Structure formats: C-alpha cells, structure tokens
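input31.txt (compact mmCIF, C-alpha atoms) appears below.
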# COMPACT_ATOMS: atom_id res chain seq x y z
CA MET A 108 -13.71 -6.76 -82.51
CA LYS A 109 -17.36 -6.03 -81.85
CA ASN A 110 -16.90 -3.43 -79.09
CA TYR A 111 -14.23 -1.54 -81.02
CA LEU A 112 -16.33 -1.40 -84.18
CA GLU A 113 -19.38 -0.21 -82.26
CA ALA A 114 -17.33 2.45 -80.49
CA SER A 115 -15.87 3.63 -83.79
CA ASN A 116 -19.36 4.02 -85.28
CA ILE A 117 -20.62 5.91 -82.23
CA ASN A 118 -17.53 8.08 -82.37
CA LYS A 119 -18.16 9.11 -85.99
CA SER A 120 -21.43 10.71 -84.97
CA PHE A 121 -20.05 12.80 -82.13
CA TYR A 122 -16.32 13.29 -82.72
CA VAL A 123 -14.97 16.65 -83.79
CA LYS A 124 -11.79 15.94 -85.76
CA LYS A 125 -8.61 16.91 -84.00
CA ASN A 126 -7.31 18.82 -87.02
CA LEU A 127 -10.25 21.20 -86.61
CA VAL A 128 -9.82 21.71 -82.90
CA ALA A 129 -6.07 21.78 -82.43
CA THR A 130 -4.95 23.23 -79.12
CA PRO A 131 -3.70 26.83 -79.27
CA SER A 132 -0.49 27.38 -81.20
CA CYS A 133 0.12 30.99 -82.31
CA PHE A 134 -2.42 32.00 -84.95
CA SER A 135 -2.38 28.99 -87.23
CA LEU A 136 -5.40 28.02 -89.31
CA PRO A 137 -6.22 25.03 -87.04
CA TYR A 138 -6.20 27.37 -84.05
CA LEU A 139 -8.53 29.86 -85.75
CA LYS A 140 -10.91 27.00 -86.59
CA TYR A 141 -10.70 25.87 -83.00
CA ARG A 142 -11.59 29.35 -81.75
CA LEU A 143 -14.65 29.39 -84.01
CA LEU A 144 -15.75 25.94 -82.85
CA ARG A 145 -15.04 26.42 -79.17
CA PRO A 146 -18.45 27.95 -78.23
CA PHE A 147 -20.18 25.04 -79.97
CA LEU A 148 -17.98 22.51 -78.21
CA LYS A 149 -18.67 24.06 -74.79
CA LEU A 150 -22.42 24.13 -75.41
CA TYR A 151 -22.39 20.55 -76.66
CA THR A 152 -20.48 19.40 -73.58
CA LYS A 153 -23.02 21.17 -71.32
CA PHE A 154 -25.83 19.46 -73.24
CA LEU A 155 -24.25 16.03 -72.69
CA LEU A 156 -23.73 16.70 -68.98
CA ARG A 157 -27.41 17.57 -68.63
CA LYS A 158 -28.56 14.66 -70.79
CA TYR A 159 -26.64 12.09 -68.78
CA ASN A 160 -26.70 13.93 -65.45
CA PRO A 161 -24.60 12.89 -63.70
CA ALA A 162 -21.86 12.33 -66.28
CA PRO A 163 -18.09 11.93 -66.17
CA TRP A 164 -15.90 14.90 -67.17
CA THR A 165 -14.53 13.10 -70.21
CA SER A 166 -15.12 13.96 -73.88
CA PRO A 167 -18.72 14.02 -75.20
CA ALA A 168 -17.94 11.19 -77.63
CA SER A 169 -16.53 9.02 -74.85
CA VAL A 170 -19.64 9.58 -72.71
CA ASN A 171 -21.82 8.38 -75.60
CA ILE A 172 -19.59 5.34 -76.07
CA PHE A 173 -19.79 4.48 -72.37
CA ASP A 174 -23.55 4.92 -72.35
CA GLN A 175 -24.06 2.57 -75.29
CA LEU A 176 -21.44 -0.11 -74.58
CA LEU A 177 -21.49 -0.55 -70.79
CA THR A 178 -23.99 -3.09 -69.47
CA LYS A 179 -25.08 -4.61 -66.18
CA ASP A 180 -23.19 -7.84 -66.84
CA MET A 181 -19.88 -5.92 -66.78
CA THR A 182 -17.41 -5.18 -64.00
CA GLY A 183 -15.54 -1.87 -64.00
CA LEU A 184 -12.75 0.00 -62.22
CA GLU A 185 -12.08 3.73 -62.07
CA TYR A 186 -9.11 5.63 -60.70
CA GLY A 187 -10.57 8.98 -59.62
CA SER A 188 -14.12 9.36 -58.35
CA GLY A 189 -17.05 11.79 -58.38
CA ARG A 190 -19.84 12.30 -60.93
CA SER A 191 -18.32 9.47 -62.94
CA THR A 192 -18.87 7.06 -60.03
CA LEU A 193 -22.63 7.57 -60.15
CA PHE A 194 -22.64 7.35 -63.96
CA PHE A 195 -20.74 4.06 -64.11
CA ALA A 196 -22.52 2.53 -61.11
CA GLU A 197 -25.83 3.02 -62.93
CA ARG A 198 -24.55 1.18 -66.01
CA LEU A 199 -22.29 -1.55 -64.64
CA GLY A 200 -23.13 -4.58 -62.56
CA LYS A 201 -20.20 -3.92 -60.25
CA LEU A 202 -17.82 -0.97 -59.92
CA THR A 203 -14.61 -0.50 -57.97
CA SER A 204 -13.61 3.13 -57.45
CA ILE A 205 -10.23 4.25 -56.11
CA GLU A 206 -9.73 7.70 -54.55
CA HIS A 207 -6.61 9.28 -53.01
CA HIS A 208 -8.06 12.47 -51.44
CA GLU A 209 -9.75 11.87 -48.08
CA GLY A 210 -11.89 15.02 -48.13
CA TRP A 211 -13.26 14.28 -51.59
CA TYR A 212 -13.70 10.61 -50.67
CA ASN A 213 -15.98 11.57 -47.77
CA GLN A 214 -18.08 13.77 -50.05
CA VAL A 215 -18.53 10.98 -52.59
CA VAL A 216 -19.43 8.52 -49.81
CA ASP A 217 -22.33 10.82 -48.92
CA LEU A 218 -23.25 11.09 -52.59
CA LEU A 219 -23.37 7.31 -52.99
CA LYS A 220 -25.59 7.02 -49.91
CA LYS A 221 -27.89 9.76 -51.18
CA HIS A 222 -28.39 7.92 -54.48
CA ASN A 223 -28.65 4.48 -52.83
CA ILE A 224 -25.69 3.11 -54.80
CA ASN A 225 -24.87 -0.35 -53.44
CA ASN A 226 -22.93 -2.00 -56.26
CA THR A 227 -19.75 0.04 -55.74
CA GLU A 228 -16.65 -0.94 -53.82
CA TYR A 229 -15.24 2.47 -52.91
CA LYS A 230 -11.68 2.58 -51.60
CA LEU A 231 -9.57 5.37 -50.12
CA VAL A 232 -5.85 4.90 -50.76
CA LYS A 233 -3.97 7.91 -49.44
CA PRO A 234 -0.44 8.74 -50.62
CA GLY A 235 2.36 7.43 -48.44
CA GLU A 236 6.01 8.26 -47.96
CA LEU A 237 8.50 8.61 -50.78
CA CYS A 238 10.05 5.25 -51.59
CA ASN A 239 12.40 3.57 -54.02
CA GLN A 240 10.84 2.44 -57.27
CA ASP A 241 10.81 -1.09 -58.59
CA TRP A 242 12.66 -0.32 -61.83
CA PRO A 243 12.20 -3.84 -63.32
CA PHE A 244 8.47 -3.05 -63.39
CA TYR A 245 9.12 -0.33 -65.96
CA GLU A 246 11.82 -2.26 -67.80
CA LYS A 247 9.43 -5.08 -68.69
CA PHE A 248 7.47 -2.50 -70.69
CA ASN A 249 10.68 -1.20 -72.31
CA ILE A 250 10.22 2.09 -70.49
CA THR A 251 13.09 4.13 -69.12
CA PRO A 252 11.82 5.31 -65.71
CA LYS A 253 14.24 8.25 -65.67
CA GLY A 254 12.04 9.90 -68.28
CA LEU A 255 8.92 9.58 -66.12
CA HIS A 256 7.66 11.85 -63.37
CA VAL A 257 7.32 8.86 -61.08
CA LYS A 258 5.09 9.52 -58.09
CA SER A 259 6.42 6.98 -55.64
CA ARG A 260 4.13 8.25 -52.88
CA TYR A 261 1.27 6.65 -54.82
CA LYS A 262 2.81 3.17 -55.01
CA GLU A 263 0.06 1.54 -52.92
CA TYR A 264 -2.52 3.49 -54.94
CA PHE A 265 -1.41 2.38 -58.39
CA GLU A 266 -0.63 -1.18 -57.29
CA ILE A 267 -4.02 -1.83 -55.68
CA VAL A 268 -5.34 -3.20 -58.97
CA ASN A 269 -2.88 -6.09 -58.61
CA ALA A 270 -5.12 -7.52 -55.88
CA TYR A 271 -7.61 -8.51 -58.59
CA PRO A 272 -7.30 -11.55 -60.90
CA ASP A 273 -6.06 -11.14 -64.46
CA GLU A 274 -8.78 -10.40 -67.03
CA TYR A 275 -11.21 -9.41 -64.26
CA PHE A 276 -12.45 -6.03 -65.50
CA ASP A 277 -14.49 -5.26 -68.61
CA PHE A 278 -13.79 -1.57 -68.22
CA VAL A 279 -11.02 0.49 -66.60
CA LEU A 280 -10.89 4.30 -66.48
CA ILE A 281 -7.61 6.00 -65.57
CA ASP A 282 -8.44 9.51 -64.34
CA GLY A 283 -6.60 9.93 -61.06
CA ARG A 284 -2.99 10.17 -59.88
CA ALA A 285 0.10 8.37 -61.26
CA ARG A 286 -1.77 7.54 -64.45
CA THR A 287 1.10 5.89 -66.29
CA GLU A 288 1.69 3.46 -63.44
CA CYS A 289 -2.06 2.86 -62.96
CA ALA A 290 -2.50 2.06 -66.66
CA LEU A 291 0.50 -0.28 -66.84
CA ASN A 292 -0.64 -2.23 -63.77
CA ALA A 293 -4.20 -2.44 -65.12
CA ILE A 294 -3.29 -3.92 -68.52
CA PRO A 295 -3.34 -7.61 -67.47
CA LYS A 296 -6.50 -7.03 -65.43
CA VAL A 297 -8.58 -6.04 -68.49
CA LYS A 298 -10.58 -8.77 -70.21
CA LYS A 299 -10.15 -9.48 -73.90
CA GLN A 300 -12.20 -6.92 -75.87
CA GLY A 301 -12.44 -4.92 -72.66
CA MET A 302 -11.85 -1.17 -72.52
CA LEU A 303 -8.91 0.73 -71.03
CA VAL A 304 -9.62 4.47 -70.95
CA LEU A 305 -7.20 7.34 -70.32
CA ASP A 306 -8.54 10.82 -69.75
CA ASN A 307 -6.49 13.94 -70.54
CA SER A 308 -4.52 11.68 -72.87
CA GLU A 309 -3.12 14.60 -74.87
CA ARG A 310 -0.50 15.19 -72.16
CA SER A 311 2.98 14.30 -73.40
CA ARG A 312 3.92 12.53 -70.16
CA TYR A 313 1.47 9.75 -71.01
CA LYS A 314 3.32 8.82 -74.20
CA PRO A 315 4.69 5.61 -72.60
CA ILE A 316 1.11 4.30 -72.35
CA PHE A 317 0.57 4.86 -76.07
CA ASN A 318 3.85 3.09 -76.84
CA VAL A 319 2.94 0.04 -74.76
CA LEU A 320 -0.57 -0.16 -76.26
CA LYS A 321 0.46 0.61 -79.84
CA ASP A 322 -0.99 -2.71 -81.11
CA TRP A 323 -4.37 -2.31 -79.41
CA PRO A 324 -7.35 -1.02 -81.45
CA VAL A 325 -7.95 2.55 -80.31
CA VAL A 326 -10.63 5.22 -80.50
CA LYS A 327 -9.44 8.78 -79.90
CA THR A 328 -11.90 11.44 -78.82
CA THR A 329 -11.68 15.08 -77.82
CA ASN A 330 -13.77 17.94 -76.49
CA GLY A 331 -11.56 20.43 -78.30
CA LEU A 332 -9.46 21.14 -75.23
CA THR A 333 -8.58 17.74 -73.79
CA ASP A 334 -8.63 14.19 -75.14
CA THR A 335 -10.08 10.89 -73.93
CA THR A 336 -8.51 7.80 -75.50
CA ILE A 337 -10.17 4.38 -75.42
CA TRP A 338 -8.20 1.19 -76.14
CA PHE A 339 -9.76 -2.24 -76.71
CA LYS A 340 -7.76 -5.27 -75.58
CA PRO A 341 -7.08 -7.66 -78.48
Would you mind giving the structure from this file in structure tokens?
Amino acid sequence: MKNYLEASNINKSFYVKKNLVATPSCFSLPYLKYRLLRPFLKLYTKFLLRKYNPAPWTSPASVNIFDQLLTKDMTGLEYGSGRSTLFFAERLGKLTSIEHHEGWYNQVVDLLKKHNINNTEYKLVKPGELCNQDWPFYEKFNITPKGLHVKSRYKEYFEIVNAYPDEYFDFVLIDGRARTECALNAIPKVKKQGMLVLDNSERSRYKPIFNVLKDWPVVKTTNGLTDTTIWFKP
C-alpha cells in the first residue's frame, strides 16, 4: 500500500519510540528516559506548530505525515475543529468539519472567514437528550456495549457521517466526542488506502477501535505524552 509505506518512512524520521517515552509509571527506566526527553519533545512540538502554523494538536510525526500525504484531489472529514480545520482546508480539496460546542463553533466560523476558507463544510451538531442505544450497531463489530462509556447524547453527532456515501472520504480524523462511535460509523466511509486517524489513542477506552481495525496497516505515533494512530484501509 503506497500511502502506508510512505507514512511509515516519514514516521521513521520523526517518531520517538514509545519504549523511550513511556508515560509515567513510578521510577522505572522508561520513565526516567521519558523525563530526560520531555524538554526535547516539547521544543520539537513547538517547532512543528510554528513551522506549519496553524497545525493540528496531534503528534509531530502525524503532522508531517498529513503534510506530505494530503493533496488537493482528496476529500476529508474531521470530528473536532480549530487549528486543524485551517491546516486540513489548506491541503485538501474539500473538508467537512463537525463540531459539538456552539461557542467554539462560532469562533471557528470567524476564523474561517478571516482566512477566506471556502472549501469547508462546517457543521454544528449539538448534543441532544439521553436516548436508548442501538445495541445491534455494536454487536456487528463484536463489541459488548456494556463495557463502553456510551455517550448517547451524541447519537446525532456520531451518526452524521452516515449521510455520506460509502468510500467517500480519503481522510478521516477522530478528535471530538464519542470517538469510538464516530470511528465505527466512519469505517465504511473511508476509501481504500484512505486514512482513519484517532488522536489521544493511548486511552484504554478506545481499545474497541483497535480490535475492529486489527487487520488494517497502522502507523503509531506519539509526542511522548499522547498518541496519534493512523490506520490505512486495505
């Protein structure tokens, strides 16, 4: 897979191995190495944010991968908006951005106008009332919903991607609310060889996503504190 191989090569240049930057755990050797590397990691992240200003708050390696692989003939979707919206709008031909917070949405609307961004479909989908979950949705992925922190108030939010045809998006970033549900709904909407990205992927509650995508080629990146995982659809 061309995109996966390219991403892997980019990653080798910028990725700090996880065993050197393990998250804090007592005073183990990995943790001590992490403490020594942390100032470097923070400086490097600041450098990337300035280099690509504006840039998404994902790992430095992932930002480099996005910058080199995303092109104007691609269509993308992001859950969660902000600096990333400007970054992706500059690199993609068309971007759909989904936001749940009305106050932040209004700020980003002004930001898009200020930068004359006109290739972005920006949608506000506010949380609704608590509702019953469609358990068969989870069962088809062999997921037991009782083990999930299901956010039923975001049902309209995480199902909005279903309005798009299958294999419509070249790129999908999951960085908002109800990430497990957003990712599962987005899977059929990603084109073959397209990218599905999960930020803060080190969180244990996102394990169901890893289980479902276990056969997809994957590039794992980190900034030393949080992870950004990029899957490529076979």
Worksheet item: Between atom CA of Leu303 of chain A and atom CA of Val279 of chain A, what is the distance, to one decimal in Å?
Response: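 It comes out at 4.9 Å.
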Kindly give the distance, in Å, that separates atom CA of Trp338 of chain A and atom CA of Arg145 of chain A, rounded to a single decimal.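 Computing it gives 26.3 Å between the two atoms.
Put simply, atom CA of Lys327 of chain A is 24.9 Å away from atom CA of Tyr245 of chain A.
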Give me, as an MDAnalysis selection string, all polymer residues having an atom no more than 9 Å from Leu202 of chain A, counting all atoms listed in the file and skipping those fewer than 4 positions away in the same chain. chainID A and resid 181:185 192 195:196 226:229
As a compact mmCIF listing (two decimals), in the coordinates of the input, could you write out segment 285-301 of chain A once it has been completed with N, CA and C atoms?
# COMPACT_ATOMS: atom_id res chain seq x y z
N ALA A 285 -0.87 9.36 -60.75
CA ALA A 285 0.10 8.37 -61.26
C ALA A 285 -0.49 7.55 -62.39
N ARG A 286 -0.98 8.22 -63.41
CA ARG A 286 -1.77 7.54 -64.45
C ARG A 286 -0.97 6.54 -65.27
N THR A 287 0.29 6.85 -65.53
CA THR A 287 1.10 5.89 -66.29
C THR A 287 1.22 4.58 -65.53
N GLU A 288 1.55 4.66 -64.24
CA GLU A 288 1.69 3.46 -63.44
C GLU A 288 0.35 2.73 -63.27
N CYS A 289 -0.73 3.48 -63.09
CA CYS A 289 -2.06 2.86 -62.96
C CYS A 289 -2.41 2.09 -64.23
N ALA A 290 -2.17 2.70 -65.38
CA ALA A 290 -2.50 2.06 -66.66
C ALA A 290 -1.68 0.80 -66.88
N LEU A 291 -0.37 0.87 -66.62
CA LEU A 291 0.50 -0.28 -66.84
C LEU A 291 0.11 -1.45 -65.94
N ASN A 292 -0.21 -1.17 -64.68
CA ASN A 292 -0.64 -2.23 -63.77
C ASN A 292 -1.98 -2.81 -64.17
N ALA A 293 -2.84 -2.00 -64.78
CA ALA A 293 -4.20 -2.44 -65.12
C ALA A 293 -4.25 -3.31 -66.37
N ILE A 294 -3.24 -3.23 -67.22
CA ILE A 294 -3.29 -3.92 -68.52
C ILE A 294 -3.66 -5.40 -68.38
N PRO A 295 -2.98 -6.18 -67.55
CA PRO A 295 -3.34 -7.61 -67.47
C PRO A 295 -4.69 -7.87 -66.81
N LYS A 296 -5.23 -6.86 -66.14
CA LYS A 296 -6.50 -7.03 -65.43
C LYS A 296 -7.72 -6.80 -66.33
N VAL A 297 -7.49 -6.32 -67.54
CA VAL A 297 -8.58 -6.04 -68.49
C VAL A 297 -8.89 -7.30 -69.29
N LYS A 298 -10.16 -7.62 -69.42
CA LYS A 298 -10.58 -8.77 -70.21
C LYS A 298 -10.32 -8.53 -71.70
N LYS A 299 -10.25 -9.61 -72.46
CA LYS A 299 -10.15 -9.48 -73.90
C LYS A 299 -11.39 -8.77 -74.43
N GLN A 300 -11.17 -7.82 -75.32
CA GLN A 300 -12.20 -6.92 -75.87
C GLN A 300 -12.68 -5.91 -74.85
N GLY A 301 -12.09 -5.91 -73.66
CA GLY A 301 -12.44 -4.92 -72.66
C GLY A 301 -11.83 -3.56 -72.97
